[in-house]
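Participant: Have a look at this one before I ask anything.
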Amino acid sequence: MTLGERVISWTVRIVRHLWREIVGFGVVGLIGVTCDITTFNVVIGIFHAPKVWGSLAGTALGTVVGYIGNRYWVFRHRERRQSATEIVLYLLVSGVAMGIIAACVAFNEYVLGFKSLIAANVAQFIFGQGLGTIFRFWAMHMWVFPETKADAQPHGRASAPTAAPTRLDEPDAAVLAEDLR
């Protein structure tokens, strides 16, 4: 097997294993970004605050929305830690992502010299959110809501179910039931 075939095979296994989380993370992210865009533009357009402050305010609101959506929907099946530890880790990861996003806005305005609201939106929501989202998904999956041995399913298959699913209309239960067949 060539290196390219191994990389493709590895990528397919990862996507098969994580596709529900990736899609859910994307939906929660879209809701958070909508809150972020609205806040960003209100802070800058109506309150005439500096663009970096608008970036920080919007990202902070999106972070709160993201935590609620990720904890109670996307990663709901993951083992819960003490809530204070989980929230601190989430805030640390989100703080780094917020710094990535604000750095893109600052770079755009102070280094490249683009001062318009459109340029700030492109820096915030194309470059900043793009880089921040990649970092967030990786860090959330690895540190904030990590898989336990019970969560891990090598090669996309459950090794031994711990309990029978109670409702087959739930996506996770349907997959588990399908794996048992």
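Letters for chains follow the order of the structure tokens (A, B, ...), residue numbers begin at 1 for each chain, and ligand numbers begin at 1 in the order shown.
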Using DSSP secondary structure from the backbone, list all helix (DSSP H, G or I) positions within stretch 40-141 of chain A, as a ChimeraX atom specification.
Facilitator: /A:40-45,51-74,83-111,117-141
Participant: State, in Å with one decimal place, the distance from atom CA of A:Gly32 to atom CA of A:Ile14.
Facilitator: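 Between these atoms lies a distance of 24.9 Å.
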Participant: If you take only C-alpha atoms and a cut-off of 10 Å, which residues of stretch 49-111 of chain A touch stretch 117-136 of chain A, and what are their nearest atom pairs and distances in Å to one decimal, in chain and number order, as a Markdown table?
Facilitator:
```
| residue | atom | partner | partner_atom | distance |
| --- | --- | --- | --- | --- |
| A:Lys51 | CA | A:Ala120 | CA | 7.1 |
| A:Val52 | CA | A:Ala120 | CA | 9.0 |
| A:Gly54 | CA | A:Gln124 | CA | 9.8 |
| A:Ser55 | CA | A:Gln124 | CA | 7.0 |
| A:Gly58 | CA | A:Gln124 | CA | 9.8 |
| A:Thr59 | CA | A:Gln129 | CA | 9.3 |
| A:Tyr90 | CA | A:Arg136 | CA | 9.2 |
| A:Val93 | CA | A:Arg136 | CA | 6.6 |
| A:Ser94 | CA | A:Arg136 | CA | 7.0 |
| A:Gly95 | CA | A:Arg136 | CA | 9.9 |
| A:Val96 | CA | A:Gly132 | CA | 8.2 |
| A:Ala97 | CA | A:Gly132 | CA | 4.7 |
| A:Met98 | CA | A:Gly132 | CA | 7.2 |
| A:Gly99 | CA | A:Gly132 | CA | 8.6 |
| A:Ile100 | CA | A:Gly132 | CA | 6.1 |
| A:Ile101 | CA | A:Gly128 | CA | 4.0 |
| A:Ala102 | CA | A:Gly128 | CA | 7.2 |
| A:Ala103 | CA | A:Gly128 | CA | 7.7 |
| A:Cys104 | CA | A:Gly128 | CA | 5.4 |
| A:Val105 | CA | A:Ala123 | CA | 5.2 |
| A:Ala106 | CA | A:Ala123 | CA | 8.7 |
| A:Phe107 | CA | A:Ala123 | CA | 8.5 |
| A:Asn108 | CA | A:Ala123 | CA | 6.3 |
| A:Glu109 | CA | A:Ala120 | CA | 7.4 |
```
Participant: Given the choices A:Ala57, A:Val7, A:Leu112, A:Leu30, which gets closest to A:Val43 if the distance is worked out from only C-alpha atoms?
Facilitator: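 That would be A:Ala57, the residue with the smallest distance to A:Val43.
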Participant: Point out the residue among A:Trp10, A:Thr38, A:Gly29, A:Met140 with the least atom-to-atom distance to A:Leu92, counting only C-alpha atoms.
Facilitator: A:Met140
